[in-house]
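All remarks here apply to the structure that follows.
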Amino acid sequence: MTKSGGKKHLKRLVVSEHYPIHKKEYTFSVRPSPGPHAADVCIPTAIILRDLLKYARNISEVKKIIYERNVLVDGRVRLNRKYPVGFMDVFSLPKINEHYRMLYKPKIGLRLVPIDEEKAKVKFCQIVNKTTLKGGKTQLNLHDGRNIILSEDDYKIAAEYTTHATVKISIPEQKILDKFDLEVGNYGLIISGRGMGQHGIIENISTHGTSKTKTATIRTTSGTTIETLYRYIFVIGKDTPDQDVGLPEVDN
């Protein structure tokens, strides 16, 4: 007997820790579709509308909202109720002029943070890999699955776009507006581990170990020092957070 493809259902007992739902209230939950974010680091659109924003009481009402083209993710209309919304994605409801950015909050996980319409026009993406294409062109592979091929004017500075750096882009055009390197002195946000959601100035980066094992130290706004893995840091600004991130006030 041949396989019939991936599973179509997801029990609540094993859902991602980021889901804002009770695991024992019902049996099943919404399984995110394959997309730009892994299943354990995203929240499906239906869960956002029903459980986070509470604009729907059930999946039937979610479908009505979505099929009327009311939901935009990163500036594009999404008609899939299972579409995965992950870190730094911009979730918009243009008819009621509401815009949100998906960010990590301490001890909670992924949550929507309200932003204004101007902030919703930009997105921050981490460079996870670089690829050289035919003709010598450089392609940046970003954390949310999108790729950016550098223009001819950027070929000379392609080496400056390093992995783990963050690029600020316009959406949906994907034009690079700014770049922040993962280096001492810049402002970082911890996206995994015990310090998830904490943020501050990067004070130190270890010089030993591999990209998976070396560590970095962040000093939060309250003066607390947090040591975490280098790869857990997402840079969101130079010496302060970029004003377009919309970073909420948190207790560090």
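Every chain in the structure tokens has a letter given in the order shown (A, B, ...), and although residue numbers restart at 1 in each chain, ligands are simply numbered from 1 in the order shown.
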Which of range 55-249 of chain A DSSP labels helix (DSSP H, G or I), written as an MDAnalysis selection string: chainID A and resid 59:67 94:96 119:121 152:160 230:232
Return as a ChimeraX atom specification the full set of residues in range 97-181 of chain A whose backbone-based DSSP assignment is strand (DSSP E). /A:98-105,109-115,122-132,138-142,147-149,166-170,176-180
Taking C-alpha atoms for each residue, export the selection above as a PDB file, in the first residue's frame.
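Heads up, here's the output in part-v1.pdb:
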ATOM      1  CA  GLU A  98      -5.659  47.156  11.809  1.00  0.00           C
ATOM      2  CA  HIS A  99      -2.084  45.983  11.368  1.00  0.00           C
ATOM      3  CA  TYR A 100       0.037  43.675  13.491  1.00  0.00           C
ATOM      4  CA  ARG A 101       3.566  42.278  13.531  1.00  0.00           C
ATOM      5  CA  MET A 102       4.226  38.790  14.842  1.00  0.00           C
ATOM      6  CA  LEU A 103       6.900  38.982  17.551  1.00  0.00           C
ATOM      7  CA  TYR A 104       8.157  36.851  20.421  1.00  0.00           C
ATOM      8  CA  LYS A 105       7.090  37.767  23.946  1.00  0.00           C
ATOM      9  CA  GLY A 109       5.885  32.940  22.537  1.00  0.00           C
ATOM     10  CA  LEU A 110       4.583  34.287  19.266  1.00  0.00           C
ATOM     11  CA  ARG A 111       1.969  37.017  19.604  1.00  0.00           C
ATOM     12  CA  LEU A 112       0.614  39.830  17.436  1.00  0.00           C
ATOM     13  CA  VAL A 113       1.802  43.332  18.311  1.00  0.00           C
ATOM     14  CA  PRO A 114      -0.238  46.298  16.974  1.00  0.00           C
ATOM     15  CA  ILE A 115       1.612  48.591  14.565  1.00  0.00           C
ATOM     16  CA  VAL A 122       8.275  47.060   5.968  1.00  0.00           C
ATOM     17  CA  LYS A 123       9.524  43.720   7.230  1.00  0.00           C
ATOM     18  CA  PHE A 124      12.713  42.474   8.859  1.00  0.00           C
ATOM     19  CA  CYS A 125      14.242  39.223   7.584  1.00  0.00           C
ATOM     20  CA  GLN A 126      17.330  37.330   8.648  1.00  0.00           C
ATOM     21  CA  ILE A 127      19.756  36.058   6.018  1.00  0.00           C
ATOM     22  CA  VAL A 128      20.089  32.301   6.563  1.00  0.00           C
ATOM     23  CA  ASN A 129      22.082  31.508   3.423  1.00  0.00           C
ATOM     24  CA  LYS A 130      23.585  33.004   0.263  1.00  0.00           C
ATOM     25  CA  THR A 131      23.559  31.402  -3.170  1.00  0.00           C
ATOM     26  CA  THR A 132      25.533  32.255  -6.293  1.00  0.00           C
ATOM     27  CA  THR A 138      23.997  36.660  -5.604  1.00  0.00           C
ATOM     28  CA  GLN A 139      20.752  35.461  -4.064  1.00  0.00           C
ATOM     29  CA  LEU A 140      19.897  36.073  -0.403  1.00  0.00           C
ATOM     30  CA  ASN A 141      17.874  33.289   1.225  1.00  0.00           C
ATOM     31  CA  LEU A 142      15.809  34.695   4.101  1.00  0.00           C
ATOM     32  CA  ASN A 147      14.686  34.976  -1.791  1.00  0.00           C
ATOM     33  CA  ILE A 148      16.130  38.271  -2.985  1.00  0.00           C
ATOM     34  CA  ILE A 149      18.442  38.492  -5.985  1.00  0.00           C
ATOM     35  CA  THR A 166      19.082  41.250   9.094  1.00  0.00           C
ATOM     36  CA  VAL A 167      17.731  43.121   6.078  1.00  0.00           C
ATOM     37  CA  LYS A 168      14.884  45.610   6.288  1.00  0.00           C
ATOM     38  CA  ILE A 169      12.734  45.275   3.177  1.00  0.00           C
ATOM     39  CA  SER A 170       9.601  46.862   1.777  1.00  0.00           C
ATOM     40  CA  ILE A 176      16.151  46.317   0.579  1.00  0.00           C
ATOM     41  CA  LEU A 177      15.961  49.481   2.688  1.00  0.00           C
ATOM     42  CA  ASP A 178      18.596  48.829   5.365  1.00  0.00           C
ATOM     43  CA  LYS A 179      20.897  46.155   6.809  1.00  0.00           C
ATOM     44  CA  PHE A 180      21.929  45.258  10.370  1.00  0.00           C
TER      45      PHE A 180
END
Name the residues in contact with Arg194 in chain A at a cut-off of 12 Å, using only C-alpha atoms, excluding same-chain residues fewer than 4 positions from it; report them as a PDB file with N, CA and C atoms, in the first residue's frame.
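Result saved to out05.pdb:
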ATOM      1  N   TYR A 104       8.056  37.718  19.249  1.00  0.00           N
ATOM      2  CA  TYR A 104       8.157  36.851  20.421  1.00  0.00           C
ATOM      3  C   TYR A 104       8.006  37.678  21.694  1.00  0.00           C
ATOM      4  N   LYS A 105       7.227  37.146  22.632  1.00  0.00           N
ATOM      5  CA  LYS A 105       7.090  37.767  23.946  1.00  0.00           C
ATOM      6  C   LYS A 105       7.613  36.808  25.003  1.00  0.00           C
ATOM      7  N   PRO A 106       8.273  37.333  26.045  1.00  0.00           N
ATOM      8  CA  PRO A 106       8.836  36.460  27.076  1.00  0.00           C
ATOM      9  C   PRO A 106       7.784  35.563  27.725  1.00  0.00           C
ATOM     10  N   LYS A 107       8.131  34.279  27.867  1.00  0.00           N
ATOM     11  CA  LYS A 107       7.314  33.264  28.546  1.00  0.00           C
ATOM     12  C   LYS A 107       5.965  33.013  27.861  1.00  0.00           C
ATOM     13  N   ILE A 108       5.733  33.621  26.716  1.00  0.00           N
ATOM     14  CA  ILE A 108       4.465  33.435  26.009  1.00  0.00           C
ATOM     15  C   ILE A 108       4.693  32.827  24.634  1.00  0.00           C
ATOM     16  N   GLY A 109       5.625  33.413  23.888  1.00  0.00           N
ATOM     17  CA  GLY A 109       5.885  32.940  22.537  1.00  0.00           C
ATOM     18  C   GLY A 109       5.410  33.934  21.497  1.00  0.00           C
ATOM     19  N   ILE A 190      16.160  37.953  21.232  1.00  0.00           N
ATOM     20  CA  ILE A 190      16.349  36.505  21.362  1.00  0.00           C
ATOM     21  C   ILE A 190      15.073  35.804  20.898  1.00  0.00           C
ATOM     22  N   GLN A 198      13.337  38.339  25.066  1.00  0.00           N
ATOM     23  CA  GLN A 198      14.158  39.376  25.691  1.00  0.00           C
ATOM     24  C   GLN A 198      14.987  40.082  24.614  1.00  0.00           C
ATOM     25  N   ILE A 226      22.135  38.372  29.664  1.00  0.00           N
ATOM     26  CA  ILE A 226      21.647  37.064  29.229  1.00  0.00           C
ATOM     27  C   ILE A 226      22.630  36.474  28.230  1.00  0.00           C
ATOM     28  N   GLU A 227      23.055  35.250  28.501  1.00  0.00           N
ATOM     29  CA  GLU A 227      23.920  34.539  27.555  1.00  0.00           C
ATOM     30  C   GLU A 227      23.078  33.515  26.809  1.00  0.00           C
ATOM     31  N   THR A 228      23.181  33.516  25.503  1.00  0.00           N
ATOM     32  CA  THR A 228      22.395  32.610  24.690  1.00  0.00           C
ATOM     33  C   THR A 228      23.221  32.176  23.482  1.00  0.00           C
ATOM     34  N   LEU A 229      22.686  31.281  22.701  1.00  0.00           N
ATOM     35  CA  LEU A 229      23.385  30.849  21.504  1.00  0.00           C
ATOM     36  C   LEU A 229      23.394  31.971  20.468  1.00  0.00           C
ATOM     37  N   TYR A 232      20.545  32.227  18.087  1.00  0.00           N
ATOM     38  CA  TYR A 232      19.236  32.574  18.632  1.00  0.00           C
ATOM     39  C   TYR A 232      18.974  34.087  18.607  1.00  0.00           C
TER      40      TYR A 232
END
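Checking A:Leu93, A:Ile233, A:Val62, A:Ile157 one by one against Asp74 in chain A, counting only C-alpha atoms, you find the shortest gap at A:Leu93.
Remark: for Gly246 in chain A, the closest of the candidate residues A:Leu72, A:Ile171, A:Pro20, A:Asp116 is A:Asp116 (distances computed over only C-alpha atoms).
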Gap from CA of Lys119 in chain A to CA of Lys95 in chain A - Å, one decimal: 17.0 Å
Atom pair CA of Lys212 in chain A + CA of Pro84 in chain A, distance 25.8 Å
Selected residue of minimal separation from Gly237 in chain A among A:Thr217, A:Asn186, A:Thr27, A:Ser151, counting only C-alpha atoms: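 Distance minimum relative to Gly237 in chain A lands on A:Asn186.
Considering the residues A:Thr221, A:Ala120, A:Thr210, A:Leu150 and counting only C-alpha atoms, Val245 in chain A has its shortest atom-to-atom contact with A:Ala120.
For Gly86 in chain A, the list of residues within 7 Å, based on only C-alpha atoms and with local chain neighbours fewer than 5 positions off taken out, reads His37, Val41, Cys42, Ile43 and Met102 of chain A.
The gap separating CA of Gly193 in chain A from CA of Ala165 in chain A is 19.5 Å, in Å to one decimal.
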Can you pull out every residue within 10 Å of Tyr67 in chain A, counting only C-alpha atoms, but drop anything in the same chain fewer than 4 positions away, and send it as a list in words? Val62, Lys63, Val71, Val77, Arg78, Leu79, Asn80 and Arg81 of chain A
Export of the given selection (C-alpha atoms) as a PDB file, in the first residue's frame:
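Result went into part36.pdb, see below:
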ATOM      1  CA  VAL A  62     -13.206  32.413   9.776  1.00  0.00           C
ATOM      2  CA  LYS A  63     -13.859  31.207   6.225  1.00  0.00           C
ATOM      3  CA  VAL A  71      -6.776  39.173   5.422  1.00  0.00           C
ATOM      4  CA  VAL A  77      -4.175  38.572   0.228  1.00  0.00           C
ATOM      5  CA  ARG A  78      -4.300  35.095   1.787  1.00  0.00           C
ATOM      6  CA  LEU A  79      -7.316  32.849   1.197  1.00  0.00           C
ATOM      7  CA  ASN A  80      -6.008  29.810   3.067  1.00  0.00           C
ATOM      8  CA  ARG A  81      -7.287  29.581   6.645  1.00  0.00           C
TER       9      ARG A  81
END
Residues within 10 Å of Pro241 in chain A, only C-alpha atoms, excluding chain neighbours under 3 positions, as a list of chain:residue names: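 What passes the distance filter is A:Asn186, A:Tyr187, A:Gly188, A:Leu189, A:His199, A:Gly200, A:Ile201, A:Val235, A:Ile236, A:Gly237, A:Lys238, A:Asp244, A:Val245, A:Gly246, A:Leu247.
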Can those selected residues be exported to a file as a compact mmCIF listing (two decimals), in the first residue's frame so that it contains N, CA and C atoms?
# COMPACT_ATOMS: atom_id res chain seq x y z
N ASN A 186 25.24 46.21 18.28
CA ASN A 186 23.92 46.30 17.67
C ASN A 186 22.85 45.76 18.63
N TYR A 187 21.59 45.99 18.28
CA TYR A 187 20.47 45.63 19.15
C TYR A 187 19.86 44.32 18.67
N GLY A 188 19.74 43.35 19.58
CA GLY A 188 19.24 42.05 19.20
C GLY A 188 18.04 41.59 20.01
N LEU A 189 17.28 40.69 19.41
CA LEU A 189 16.11 40.08 20.05
C LEU A 189 16.33 38.57 20.07
N HIS A 199 15.34 41.33 24.87
CA HIS A 199 16.09 42.08 23.86
C HIS A 199 17.00 43.10 24.52
N GLY A 200 18.04 43.49 23.80
CA GLY A 200 18.99 44.45 24.32
C GLY A 200 20.22 44.57 23.44
N ILE A 201 21.23 45.27 23.96
CA ILE A 201 22.47 45.48 23.22
C ILE A 201 23.33 44.21 23.26
N VAL A 235 18.92 40.38 14.88
CA VAL A 235 19.26 41.80 15.01
C VAL A 235 18.11 42.66 14.48
N ILE A 236 17.72 43.68 15.29
CA ILE A 236 16.59 44.53 14.89
C ILE A 236 16.96 46.01 14.88
N GLY A 237 18.25 46.31 14.93
CA GLY A 237 18.66 47.71 14.88
C GLY A 237 20.12 47.89 15.19
N LYS A 238 20.56 49.12 15.11
CA LYS A 238 21.96 49.44 15.43
C LYS A 238 22.09 49.50 16.95
N ASP A 244 10.66 51.06 13.08
CA ASP A 244 9.59 50.40 12.33
C ASP A 244 9.27 48.99 12.83
N VAL A 245 10.08 48.48 13.77
CA VAL A 245 9.80 47.14 14.30
C VAL A 245 8.50 47.15 15.09
N GLY A 246 8.29 48.20 15.88
CA GLY A 246 7.11 48.26 16.73
C GLY A 246 7.27 47.40 17.96
N LEU A 247 8.51 47.29 18.47
CA LEU A 247 8.80 46.44 19.62
C LEU A 247 8.01 46.90 20.84
